[in-house]
>>> print(open('input-v2.tsv').read())   # TSV, C-alpha atoms and all ligand atoms
chain	number	residue	atom	x	y	z
W	1	MET	CA	123.14	115.95	42.84
W	2	PRO	CA	120.64	116.55	45.60
W	3	THR	CA	121.59	115.30	49.02
W	4	GLY	CA	118.61	116.63	50.55
W	5	THR	CA	116.98	117.64	53.61
W	6	SER	CA	113.97	118.38	51.45
W	7	PRO	CA	112.45	116.29	48.69
W	8	GLN	CA	113.26	117.23	45.14
W	9	PRO	CA	110.33	118.65	43.23
W	10	THR	CA	110.38	116.67	40.02
W	11	ALA	CA	111.21	113.18	38.92
W	12	SER	CA	113.99	112.36	36.54
W	13	THR	CA	112.60	110.97	33.32
W	14	ARG	CA	115.85	109.23	32.47
W	15	ILE	CA	115.31	105.51	32.51
W	16	HIS	CA	117.70	103.32	34.48
W	17	SER	CA	118.84	100.80	31.87
W	18	GLY	CA	119.54	98.03	34.41
W	19	LYS	CA	116.10	98.30	35.99
W	20	ALA	CA	114.42	98.45	32.57
W	21	ALA	CA	116.33	95.39	31.37
W	22	ALA	CA	115.41	93.42	34.48
W	23	MET	CA	111.75	94.43	34.16
W	24	ALA	CA	111.70	93.44	30.48
W	25	ALA	CA	113.46	90.12	31.20
W	26	PHE	CA	110.94	89.20	33.90
W	27	HIS	CA	108.01	89.94	31.57
W	28	LEU	CA	109.61	88.02	28.72
W	29	ALA	CA	110.32	84.99	30.91
W	30	ALA	CA	106.77	85.09	32.29
W	31	LEU	CA	105.42	84.79	28.74
W	32	PHE	CA	107.07	81.36	28.44
W	33	SER	CA	105.42	79.97	31.59
W	34	PRO	CA	102.39	78.40	29.76
W	35	LEU	CA	104.82	76.27	27.75
W	36	PHE	CA	106.16	74.82	30.98
W	37	PHE	CA	102.90	74.31	32.87
W	38	THR	CA	102.92	71.71	35.63
W	39	TRP	CA	100.52	71.35	38.53
W	40	GLU	CA	103.49	71.57	40.88
W	41	GLY	CA	104.50	74.87	39.30
W	42	PHE	CA	100.94	76.17	39.58
W	43	ALA	CA	100.74	75.16	43.25
W	44	VAL	CA	104.05	76.91	43.98
W	45	PHE	CA	102.73	79.96	42.10
W	46	LEU	CA	99.59	80.14	44.30
W	47	LEU	CA	101.52	79.52	47.50
W	48	LEU	CA	104.03	82.25	46.72
W	49	VAL	CA	101.31	84.72	45.65
W	50	VAL	CA	99.87	84.43	49.16
W	51	ALA	CA	103.36	84.57	50.70
W	52	GLY	CA	104.10	87.71	48.67
W	53	HIS	CA	101.01	89.41	50.01
W	54	LEU	CA	101.95	88.49	53.55
W	55	GLY	CA	105.34	90.04	52.87
W	56	ILE	CA	104.17	93.26	51.20
W	57	GLY	CA	100.70	93.91	52.64
W	58	LEU	CA	101.03	92.62	56.18
W	59	GLY	CA	104.82	92.96	56.45
W	60	TYR	CA	106.32	95.88	54.55
W	61	HIS	CA	103.18	98.02	54.52
W	62	ARG	CA	101.13	97.60	57.68
W	63	LEU	CA	103.74	96.21	60.11
W	64	ILE	CA	107.06	97.79	59.16
W	65	CYS	CA	106.15	101.02	57.37
W	66	HIS	CA	103.06	102.15	59.29
W	67	ARG	CA	103.48	100.24	62.57
W	68	SER	CA	99.81	99.33	62.53
W	69	TYR	CA	100.55	96.43	64.85
W	70	ARG	CA	103.44	94.80	66.61
W	71	ALA	CA	104.90	91.34	66.10
W	72	ALA	CA	107.84	89.56	67.70
W	73	TRP	CA	111.07	89.66	65.71
W	74	PRO	CA	110.83	86.13	64.23
W	75	LEU	CA	107.46	86.90	62.59
W	76	ARG	CA	108.57	90.43	61.69
W	77	SER	CA	111.69	89.05	60.06
W	78	LEU	CA	109.72	86.33	58.27
W	79	PHE	CA	107.31	88.91	56.83
W	80	GLY	CA	110.32	91.04	55.85
W	81	LEU	CA	111.88	88.08	54.06
W	82	LEU	CA	108.63	87.33	52.22
W	83	GLY	CA	108.54	91.00	51.20
W	84	VAL	CA	112.03	90.71	49.75
W	85	LEU	CA	110.92	87.68	47.73
W	86	ALA	CA	108.23	89.81	46.07
W	87	CYS	CA	111.07	91.60	44.24
W	88	MET	CA	109.94	95.12	45.10
W	89	GLY	CA	113.17	96.20	46.76
W	90	GLY	CA	114.44	95.94	50.30
W	91	PRO	CA	112.23	96.95	53.25
W	92	LEU	CA	113.94	100.29	53.88
W	93	THR	CA	113.76	101.45	50.27
W	94	TRP	CA	110.15	100.29	49.99
W	95	CYS	CA	109.17	102.10	53.19
W	96	ALA	CA	111.03	105.27	52.18
W	97	ILE	CA	109.18	105.43	48.86
W	98	HIS	CA	105.87	104.67	50.50
W	99	ARG	CA	106.28	107.21	53.30
W	100	LEU	CA	107.12	109.90	50.78
W	101	HIS	CA	104.06	108.86	48.80
W	102	HIS	CA	101.90	109.48	51.87
W	103	ARG	CA	103.54	112.78	52.59
W	104	HIS	CA	103.43	114.14	49.05
W	105	SER	CA	100.58	112.22	47.41
W	106	ASP	CA	99.42	113.64	44.12
W	107	ARG	CA	102.16	116.24	44.02
W	108	ASP	CA	105.39	116.32	42.06
W	109	GLU	CA	107.38	115.30	45.14
W	110	ASP	CA	105.53	111.96	45.23
W	111	PRO	CA	108.03	109.27	44.10
W	112	GLN	CA	105.20	107.20	42.65
W	113	GLY	CA	103.72	110.13	40.75
W	114	SER	CA	100.21	109.01	41.62
W	115	HIS	CA	98.71	112.12	39.96
W	116	ARG	CA	100.37	111.41	36.62
W	117	TRP	CA	99.17	109.36	33.65
W	118	PHE	CA	98.37	105.67	34.05
W	119	TRP	CA	101.55	104.00	32.86
W	120	TRP	CA	103.76	106.41	34.77
W	121	SER	CA	102.07	105.83	38.12
W	122	HIS	CA	101.64	102.13	37.37
W	123	LEU	CA	105.10	101.11	36.26
W	124	LEU	CA	107.42	103.69	34.74
W	125	TRP	CA	108.14	105.45	38.03
W	126	THR	CA	109.96	102.29	39.18
W	127	LEU	CA	112.40	102.55	36.26
W	128	VAL	CA	113.63	106.12	36.59
W	129	ARG	CA	117.18	106.88	37.64
W	130	GLN	CA	116.09	109.33	40.30
W	131	MET	CA	112.88	109.53	42.27
W	132	PRO	CA	111.71	112.75	43.90
W	133	GLY	CA	113.05	112.89	47.44
W	134	LEU	CA	115.13	109.74	47.00
W	135	ALA	CA	118.14	110.83	45.03
W	136	THR	CA	120.69	109.24	47.33
W	137	PRO	CA	120.96	106.38	49.85
W	138	GLU	CA	121.13	109.07	52.53
W	139	ASP	CA	117.66	110.19	51.50
W	140	VAL	CA	116.39	106.65	52.10
W	141	ARG	CA	118.00	106.68	55.54
W	142	ARG	CA	116.50	110.09	56.27
W	143	VAL	CA	112.93	108.81	56.11
W	144	THR	CA	113.56	105.41	57.70
W	145	ARG	CA	115.60	106.35	60.75
W	146	ASP	CA	113.23	104.47	63.02
W	147	LEU	CA	113.96	101.27	61.05
W	148	GLN	CA	117.74	101.64	61.01
W	149	ARG	CA	118.06	100.07	64.45
W	150	GLU	CA	116.79	96.70	63.24
W	151	ARG	CA	119.62	94.47	62.16
W	152	ALA	CA	117.31	92.01	60.41
W	153	LEU	CA	115.84	94.76	58.23
W	154	LEU	CA	119.28	96.11	57.41
W	155	LEU	CA	120.44	92.65	56.35
W	156	LEU	CA	117.34	92.11	54.22
W	157	GLU	CA	117.87	95.51	52.60
W	158	ARG	CA	121.52	94.81	51.87
W	159	TYR	CA	121.11	91.30	50.51
W	160	ALA	CA	117.72	91.60	48.80
W	161	HIS	CA	119.11	90.83	45.33
W	162	ALA	CA	121.30	87.97	46.58
W	163	ILE	CA	118.35	86.42	48.43
W	164	ASN	CA	116.25	86.43	45.26
W	165	VAL	CA	119.05	84.94	43.17
W	166	ALA	CA	119.50	82.18	45.75
W	167	PHE	CA	115.75	81.58	45.78
W	168	ALA	CA	115.67	81.30	41.99
W	169	VAL	CA	118.52	78.77	42.03
W	170	GLY	CA	116.69	76.89	44.78
W	171	LEU	CA	113.47	76.64	42.73
W	172	LEU	CA	115.32	75.46	39.65
W	173	GLY	CA	117.42	73.00	41.61
W	174	ALA	CA	114.53	71.58	43.65
W	175	GLY	CA	112.48	70.81	40.54
W	176	TRP	CA	115.45	69.42	38.67
W	177	VAL	CA	116.44	67.10	41.50
W	178	ALA	CA	112.84	65.98	42.08
W	179	ALA	CA	111.80	65.21	38.50
W	180	GLY	CA	114.23	66.59	35.95
W	181	TRP	CA	114.95	69.80	34.10
W	182	PHE	CA	111.36	70.38	32.85
W	183	LEU	CA	109.98	70.64	36.39
W	184	GLY	CA	112.96	72.79	37.40
W	185	VAL	CA	112.21	75.28	34.63
W	186	SER	CA	108.49	75.10	35.43
W	187	LEU	CA	109.06	75.97	39.10
W	188	LEU	CA	111.36	78.81	38.09
W	189	LEU	CA	108.96	80.31	35.55
W	190	TRP	CA	105.78	79.90	37.63
W	191	GLY	CA	107.28	80.35	41.08
W	192	LEU	CA	109.45	83.32	40.23
W	193	PHE	CA	108.93	85.12	36.93
W	194	LEU	CA	105.18	84.83	36.40
W	195	ARG	CA	104.43	85.17	40.11
W	196	VAL	CA	106.59	88.29	40.49
W	197	VAL	CA	105.21	89.95	37.36
W	198	ALA	CA	101.64	89.24	38.50
W	199	GLY	CA	102.47	90.57	41.97
W	200	TRP	CA	103.96	93.76	40.49
W	201	HIS	CA	100.95	94.56	38.37
W	202	VAL	CA	98.40	93.81	41.06
W	203	THR	CA	100.30	95.88	43.63
W	204	PHE	CA	100.92	98.73	41.19
W	205	LEU	CA	97.15	99.05	40.67
W	206	VAL	CA	97.05	100.78	44.04
W	207	ASN	CA	99.26	103.52	42.56
W	208	SER	CA	97.67	103.76	39.13
W	209	ILE	CA	93.97	103.15	39.90
W	210	ASN	CA	93.44	104.20	43.50
W	211	HIS	CA	94.31	107.86	42.92
W	212	HIS	CA	92.04	108.19	39.89
W	213	HIS	CA	89.06	105.83	40.07
W	214	GLY	CA	86.65	104.90	42.84
W	215	TYR	CA	84.80	106.64	45.64
W	216	ARG	CA	85.89	108.63	48.65
W	217	ASN	CA	84.78	108.16	52.23
W	218	TYR	CA	87.01	110.97	53.46
W	219	ASP	CA	87.92	114.38	52.15
W	220	THR	CA	91.66	113.86	52.34
W	221	ALA	CA	94.17	116.34	50.94
W	222	ASP	CA	95.04	113.97	48.11
W	223	ASN	CA	92.94	112.30	45.45
W	224	SER	CA	93.03	108.81	47.00
W	225	ARG	CA	90.03	106.61	46.33
W	226	ASN	CA	88.51	103.30	47.35
W	227	CYS	CA	88.12	100.75	44.57
W	228	TRP	CA	86.38	97.46	45.35
W	229	TRP	CA	88.01	95.33	42.67
W	230	VAL	CA	91.51	96.52	43.54
W	231	ALA	CA	90.72	95.77	47.19
W	232	LEU	CA	89.63	92.29	46.19
W	233	LEU	CA	92.84	91.62	44.24
W	234	THR	CA	95.12	93.13	46.90
W	235	PHE	CA	93.56	91.60	50.04
W	236	GLY	CA	92.18	94.97	51.19
W	237	GLU	CA	94.86	97.43	50.05
W	238	GLY	CA	92.41	98.96	47.58
W	239	TRP	CA	90.50	100.81	50.33
W	240	HIS	CA	93.08	103.45	49.71
W	241	ASN	CA	91.16	106.60	50.59
W	242	ASN	CA	90.46	105.12	54.04
W	243	HIS	CA	94.14	104.31	54.33
W	244	HIS	CA	95.28	107.81	53.39
W	245	HIS	CA	92.86	109.19	55.95
W	246	GLN	CA	94.17	106.99	58.77
W	247	PRO	CA	97.57	105.65	57.67
W	248	ARG	CA	98.26	103.87	60.94
W	249	SER	CA	94.98	102.00	61.19
W	250	ALA	CA	95.50	98.28	60.72
W	251	ALA	CA	92.03	98.13	59.15
W	252	HIS	CA	91.76	99.64	55.68
W	253	GLY	CA	88.11	98.69	55.22
W	254	HIS	CA	86.02	101.13	57.28
W	255	ARG	CA	82.46	100.39	56.17
W	256	TRP	CA	80.62	97.12	56.57
W	257	PHE	CA	80.94	96.15	52.92
W	258	GLU	CA	84.62	97.08	52.64
W	259	VAL	CA	86.05	93.60	53.14
W	260	ASP	CA	89.68	93.73	54.22
W	261	ALA	CA	91.22	90.25	54.20
W	262	SER	CA	94.54	91.58	55.51
W	263	TYR	CA	92.89	93.03	58.59
W	264	LEU	CA	91.12	89.74	59.22
W	265	LEU	CA	94.52	88.03	59.06
W	266	ILE	CA	95.98	90.57	61.50
W	267	ARG	CA	93.05	89.98	63.88
W	268	GLY	CA	93.70	86.26	63.54
W	269	LEU	CA	97.35	86.79	64.43
W	270	GLU	CA	96.23	88.88	67.40
W	271	LEU	CA	93.88	86.17	68.62
W	272	ALA	CA	96.71	83.64	68.28
W	273	GLY	CA	98.98	85.85	70.37
W	274	LEU	CA	101.29	86.62	67.45
W	275	ALA	CA	100.30	90.28	66.99
W	276	SER	CA	99.68	93.03	69.54
W	277	ASP	CA	98.94	96.75	69.76
W	278	VAL	CA	96.72	96.52	66.70
W	279	VAL	CA	95.74	100.09	65.77
W	280	ARG	CA	91.96	100.25	65.33
W	281	PRO	CA	90.27	102.62	62.88
W	282	GLN	CA	89.20	105.80	64.59
W	283	HIS	CA	85.80	106.99	63.53
W	284	GLY	CA	85.57	109.78	66.07
W	285	PRO	CA	83.11	110.08	68.95
W	286	GLY	CA	79.90	108.39	67.96
W	287	GLN	CA	80.69	108.55	64.27
W	288	SER	CA	80.86	105.83	61.70
W	289	ALA	CA	82.96	106.09	58.56
W	290	ARG	CA	79.76	106.78	56.63
W	291	GLN	CA	78.83	109.65	58.92
W	292	GLN	CA	82.27	111.14	58.42
W	293	SER	CA	81.98	110.90	54.68
W	294	ASN	CA	81.19	114.12	52.90
W	295	SER	CA	80.56	112.46	49.59
W	296	ILE	CA	81.31	109.02	48.33
W	297	THR	CA	81.81	110.29	44.84
W	298	GLY	CA	83.35	113.67	45.59
W	299	SER	CA	86.78	114.68	44.44
W	300	GLY	CA	87.42	117.57	46.78
W	301	PHE	CA	90.71	118.06	48.54
W	302	GLY	CA	90.82	118.51	52.26
W	303	ALA	CA	93.47	118.51	54.95
W	304	ARG	CA	96.72	116.66	54.29
W	305	PRO	CA	97.60	114.19	57.03
W	306	THR	CA	100.35	115.53	59.24
W	307	GLU	CA	101.68	112.04	59.83
W	308	PHE	CA	104.18	110.49	58.33
W	309	ALA	CA	107.80	110.07	57.43
W	310	GLY	CA	110.16	108.24	59.66
W	311	GLU	CA	112.39	111.12	60.63
W	312	GLU	CA	109.67	112.80	62.59
W	313	ALA	CA	106.96	110.28	63.17
W	314	ASP	CA	105.99	109.51	66.70
W	315	PRO	CA	105.64	105.73	66.96
W	316	THR	CA	103.04	106.11	69.67
W	317	THR	CA	100.75	108.28	67.57
W	318	ALA	CA	97.54	106.35	67.07
W	319	VAL	CA	96.13	107.64	63.82
W	320	SER	CA	96.41	110.43	61.35
W	321	SER	CA	95.23	113.82	62.46
W	322	ALA	CA	93.60	114.51	59.12
W	323	LYS	CA	90.34	116.39	59.29
W	324	LYS	CA	87.26	114.30	58.88
W	325	GLY	CA	85.45	114.62	55.62
W	326	GLY	CA	82.53	116.97	55.71
W	327	SER	CA	83.77	118.69	58.83
W	401	ZN	ZN	98.19	106.54	47.77
W	402	ZN	ZN	100.50	103.24	53.36
>>> encode(input="input-v2.tsv", output="structure tokens", more="lines below")
Ligand SMILES: [Zn+2]
Ligand SMILES: [Zn+2]
Amino acid sequence: MPTGTSPQPTASTRIHSGKAAAMAAFHLAALFSPLFFTWEGFAVFLLLVVAGHLGIGLGYHRLICHRSYRAAWPLRSLFGLLGVLACMGGPLTWCAIHRLHHRHSDRDEDPQGSHRWFWWSHLLWTLVRQMPGLATPEDVRRVTRDLQRERALLLLERYAHAINVAFAVGLLGAGWVAAGWFLGVSLLLWGLFLRVVAGWHVTFLVNSINHHHGYRNYDTADNSRNCWWVALLTFGEGWHNNHHHQPRSAAHGHRWFEVDASYLLIRGLELAGLASDVVRPQHGPGQSARQQSNSITGSGFGARPTEFAGEEADPTTAVSSAKKGGS
């Protein structure tokens, strides 16, 4: 059993039966949601879809994992809680997987296997018993040492499953008390099962699509790509080649047409005094993202970003030191 100071080279293909059963149960339950449609359930679905993005995109990804901006602990904890409710694991596990993805993108050490076939990088990697580089809880700690000091994150990590069970009971109970069992089941199916399954598949597109399809602004060392329709569905996360080039930039859209709703939200938080130290995209002296591009359709591999992984990252580092495309 690896205990590792270095990531393991290949993923286990053995499926974790508990994870597979949970995944199947969520999909099965989601299929029943049309039979229990209510406008209240639909409204809760939409509200929680937005909340889930705040938790994963603005919270787990840009705030906690990449430190693209700062927020006071109440907002940071709220975003962490919303991330937990997206049912993608606790914040430390999520960040560990994501940091290893950045470090080893498109190589066998990448936990998400972004270079592999569609269904593996989309979904199956989440079901394996052992991910590359993350064989033990110690491996998770190894790449999230900077996050270990935060009690709120540790609590969210520890009680992630319990929080979601309590939330499910709350949805069922609230509907039942308000208008009977039908609304209770409706809120549970639309507010939990269908919403979580939809959130999984939309988020997983960044793994399965954004390393295979789309264009490149930057000649990064991986095969990351920008895809407009994934960016639209994920509030800007689909500008993935830009993100791999400058992982700490709060803005993932670097060209005028690359709309990044998440960055607009972060700028809004900044204007409201709720976010600070927002890391701007760095285009280099006098250069725009377009000028740095070597080819928007190219598939070449360039320098691998030296940043990241929590055990050695310098929190004050502004952006990736990856070479600019075409340089
Ligand atoms: Zn990626
Ligand atoms: Zn990232």
>>> closest_residue(input="input-v2.tsv", among="W:Leu123, W:Leu54, W:Ala221, W:Leu78", to="ligand ZN 401 (chain W)", atoms="only C-alpha atoms and all ligand atoms")
W:Ala221
>>> atom_distance(input="input-v2.tsv", atom1="CA of Trp176 in chain W", atom2="CA of Asn164 in chain W")
18.3 Å
>>> residues_near_ligand(input="input-v2.tsv", ligand="ligand ZN 402 (chain W)", cutoff="9 Å", atoms="all atoms listed in the file", output="ChimeraX atom specification")
/W:61-62,65-66,95,98-99,101-102,237,240,243-244,247-248
>>> closest_atom_pairs(input="input-v2.tsv", of="chain W", to="ligand ZN 401 (chain W)", cutoff="12 Å", atoms="only C-alpha atoms and all ligand atoms", output="CSV")
residue,atom,partner,partner_atom,distance
W:His61,CA,W:ZN401,ZN,12.0
W:Ile97,CA,W:ZN401,ZN,11.1
W:His98,CA,W:ZN401,ZN,8.4
W:Arg99,CA,W:ZN401,ZN,9.8
W:Leu100,CA,W:ZN401,ZN,10.0
W:His101,CA,W:ZN401,ZN,6.4
W:His102,CA,W:ZN401,ZN,6.3
W:Arg103,CA,W:ZN401,ZN,9.5
W:His104,CA,W:ZN401,ZN,9.3
W:Ser105,CA,W:ZN401,ZN,6.2
W:Asp106,CA,W:ZN401,ZN,8.1
W:Arg107,CA,W:ZN401,ZN,11.1
W:Asp110,CA,W:ZN401,ZN,9.5
W:Pro111,CA,W:ZN401,ZN,10.9
W:Gln112,CA,W:ZN401,ZN,8.7
W:Gly113,CA,W:ZN401,ZN,9.6
W:Ser114,CA,W:ZN401,ZN,6.9
W:His115,CA,W:ZN401,ZN,9.6
W:Ser121,CA,W:ZN401,ZN,10.4
W:His122,CA,W:ZN401,ZN,11.8
W:Thr203,CA,W:ZN401,ZN,11.6
W:Phe204,CA,W:ZN401,ZN,10.6
W:Leu205,CA,W:ZN401,ZN,10.4
W:Val206,CA,W:ZN401,ZN,7.0
W:Asn207,CA,W:ZN401,ZN,6.1
W:Ser208,CA,W:ZN401,ZN,9.1
W:Ile209,CA,W:ZN401,ZN,9.6
W:Asn210,CA,W:ZN401,ZN,6.8
W:His211,CA,W:ZN401,ZN,6.3
W:His212,CA,W:ZN401,ZN,10.1
W:His213,CA,W:ZN401,ZN,12.0
W:Thr220,CA,W:ZN401,ZN,10.8
W:Ala221,CA,W:ZN401,ZN,11.1
W:Asp222,CA,W:ZN401,ZN,8.1
W:Asn223,CA,W:ZN401,ZN,8.1
W:Ser224,CA,W:ZN401,ZN,5.7
W:Arg225,CA,W:ZN401,ZN,8.3
W:Asn226,CA,W:ZN401,ZN,10.2
W:Glu237,CA,W:ZN401,ZN,10.0
W:Gly238,CA,W:ZN401,ZN,9.5
W:Trp239,CA,W:ZN401,ZN,9.9
W:His240,CA,W:ZN401,ZN,6.3
W:Asn241,CA,W:ZN401,ZN,7.6
W:Asn242,CA,W:ZN401,ZN,10.1
W:His243,CA,W:ZN401,ZN,8.0
W:His244,CA,W:ZN401,ZN,6.5
W:His245,CA,W:ZN401,ZN,10.1
W:Gln246,CA,W:ZN401,ZN,11.7
W:Pro247,CA,W:ZN401,ZN,10.0
>>> residues_around(input="input-v2.tsv", residues="Ser68 in chain W", least_positions_apart="5", cutoff="12 Å", atoms="all atoms listed in the file", output="number ranges by chain")
W: 57-63, 243, 246-252, 262-263, 266-267, 275-281, 315-320
>>> write_last_selection(input="input-v2.tsv", atoms="C-alpha atoms", output="CSV table (one decimal), in the coordinates of the input")
chain,number,residue,atom,x,y,z
W,57,GLY,CA,100.7,93.9,52.6
W,58,LEU,CA,101.0,92.6,56.2
W,59,GLY,CA,104.8,93.0,56.4
W,60,TYR,CA,106.3,95.9,54.6
W,61,HIS,CA,103.2,98.0,54.5
W,62,ARG,CA,101.1,97.6,57.7
W,63,LEU,CA,103.7,96.2,60.1
W,243,HIS,CA,94.1,104.3,54.3
W,246,GLN,CA,94.2,107.0,58.8
W,247,PRO,CA,97.6,105.6,57.7
W,248,ARG,CA,98.3,103.9,60.9
W,249,SER,CA,95.0,102.0,61.2
W,250,ALA,CA,95.5,98.3,60.7
W,251,ALA,CA,92.0,98.1,59.2
W,252,HIS,CA,91.8,99.6,55.7
W,262,SER,CA,94.5,91.6,55.5
W,263,TYR,CA,92.9,93.0,58.6
W,266,ILE,CA,96.0,90.6,61.5
W,267,ARG,CA,93.0,90.0,63.9
W,275,ALA,CA,100.3,90.3,67.0
W,276,SER,CA,99.7,93.0,69.5
W,277,ASP,CA,98.9,96.8,69.8
W,278,VAL,CA,96.7,96.5,66.7
W,279,VAL,CA,95.7,100.1,65.8
W,280,ARG,CA,92.0,100.2,65.3
W,281,PRO,CA,90.3,102.6,62.9
W,315,PRO,CA,105.6,105.7,67.0
W,316,THR,CA,103.0,106.1,69.7
W,317,THR,CA,100.8,108.3,67.6
W,318,ALA,CA,97.5,106.4,67.1
W,319,VAL,CA,96.1,107.6,63.8
W,320,SER,CA,96.4,110.4,61.4
>>> residues_around(input="input-v2.tsv", residues="Val128 in chain W", least_positions_apart="2", cutoff="12 Å", atoms="only C-alpha atoms", output="ChimeraX atom specification")
/W:10-20,111-113,120-121,123-126,130-132,134-135
>>> atom_distance(input="input-v2.tsv", atom1="CA of His27 in chain W", atom2="CA of Cys87 in chain W")
13.1 Å
>>> closest_residue(input="input-v2.tsv", among="W:Ser186, W:Thr234, W:Ser77, W:Thr93", to="Trp39 in chain W", atoms="only C-alpha atoms")
W:Ser186
>>> atom_distance(input="input-v2.tsv", atom1="CA of Leu92 in chain W", atom2="CA of Thr136 in chain W")
13.0 Å
>>> closest_residue(input="input-v2.tsv", among="W:Leu269, W:Trp190, W:Val84, W:Tyr215", to="Ala51 in chain W", atoms="only C-alpha atoms")
W:Val84
>>> build_atoms(input="input-v2.tsv", residues="range 114-133 of chain W", atoms="N, CA and C atoms", output="mmCIF file, keeping the file's coordinate frame")
data_model
loop_
_atom_site.group_PDB
_atom_site.id
_atom_site.type_symbol
_atom_site.label_atom_id
_atom_site.label_comp_id
_atom_site.auth_asym_id
_atom_site.auth_seq_id
_atom_site.Cartn_x
_atom_site.Cartn_y
_atom_site.Cartn_z
ATOM 1 N N SER W 114 101.569 109.562 41.700
ATOM 2 C CA SER W 114 100.210 109.010 41.620
ATOM 3 C C SER W 114 99.234 109.930 40.896
ATOM 4 N N HIS W 115 99.600 111.184 40.663
ATOM 5 C CA HIS W 115 98.710 112.120 39.960
ATOM 6 C C HIS W 115 98.974 112.125 38.452
ATOM 7 N N ARG W 116 99.988 111.383 38.034
ATOM 8 C CA ARG W 116 100.370 111.410 36.620
ATOM 9 C C ARG W 116 99.570 110.397 35.805
ATOM 10 N N TRP W 117 99.907 110.254 34.537
ATOM 11 C CA TRP W 117 99.170 109.360 33.650
ATOM 12 C C TRP W 117 99.385 107.901 34.058
ATOM 13 N N PHE W 118 98.471 107.037 33.554
ATOM 14 C CA PHE W 118 98.370 105.670 34.050
ATOM 15 C C PHE W 118 99.703 104.925 34.074
ATOM 16 N N TRP W 119 100.364 104.855 32.911
ATOM 17 C CA TRP W 119 101.550 104.000 32.860
ATOM 18 C C TRP W 119 102.696 104.546 33.689
ATOM 19 N N TRP W 120 102.716 105.861 33.895
ATOM 20 C CA TRP W 120 103.760 106.410 34.770
ATOM 21 C C TRP W 120 103.537 105.944 36.211
ATOM 22 N N SER W 121 102.327 106.165 36.723
ATOM 23 C CA SER W 121 102.070 105.830 38.120
ATOM 24 C C SER W 121 101.975 104.315 38.331
ATOM 25 N N HIS W 122 101.736 103.583 37.242
ATOM 26 C CA HIS W 122 101.640 102.130 37.370
ATOM 27 C C HIS W 122 103.014 101.475 37.394
ATOM 28 N N LEU W 123 103.869 101.877 36.473
ATOM 29 C CA LEU W 123 105.100 101.110 36.260
ATOM 30 C C LEU W 123 106.359 101.967 36.033
ATOM 31 N N LEU W 124 106.217 102.985 35.191
ATOM 32 C CA LEU W 124 107.420 103.690 34.740
ATOM 33 C C LEU W 124 108.173 104.365 35.875
ATOM 34 N N TRP W 125 107.456 104.787 36.923
ATOM 35 C CA TRP W 125 108.140 105.450 38.030
ATOM 36 C C TRP W 125 109.189 104.539 38.675
ATOM 37 N N THR W 126 108.999 103.221 38.560
ATOM 38 C CA THR W 126 109.960 102.290 39.180
ATOM 39 C C THR W 126 111.260 102.216 38.380
ATOM 40 N N LEU W 127 111.247 102.715 37.143
ATOM 41 C CA LEU W 127 112.400 102.550 36.260
ATOM 42 C C LEU W 127 113.273 103.784 36.144
ATOM 43 N N VAL W 128 112.862 104.889 36.763
ATOM 44 C CA VAL W 128 113.630 106.120 36.590
ATOM 45 C C VAL W 128 114.930 106.057 37.400
ATOM 46 N N ARG W 129 115.889 106.830 36.946
ATOM 47 C CA ARG W 129 117.180 106.880 37.640
ATOM 48 C C ARG W 129 117.044 107.552 39.000
ATOM 49 N N GLN W 130 116.149 108.499 39.092
ATOM 50 C CA GLN W 130 116.090 109.330 40.300
ATOM 51 C C GLN W 130 114.643 109.634 40.643
ATOM 52 N N MET W 131 114.249 109.232 41.845
ATOM 53 C CA MET W 131 112.880 109.530 42.270
ATOM 54 C C MET W 131 112.871 110.796 43.100
ATOM 55 N N PRO W 132 111.792 111.550 43.075
ATOM 56 C CA PRO W 132 111.710 112.750 43.900
ATOM 57 C C PRO W 132 111.924 112.397 45.371
ATOM 58 N N GLY W 133 112.812 113.111 46.020
ATOM 59 C CA GLY W 133 113.050 112.890 47.440
ATOM 60 C C GLY W 133 113.941 111.718 47.756
#
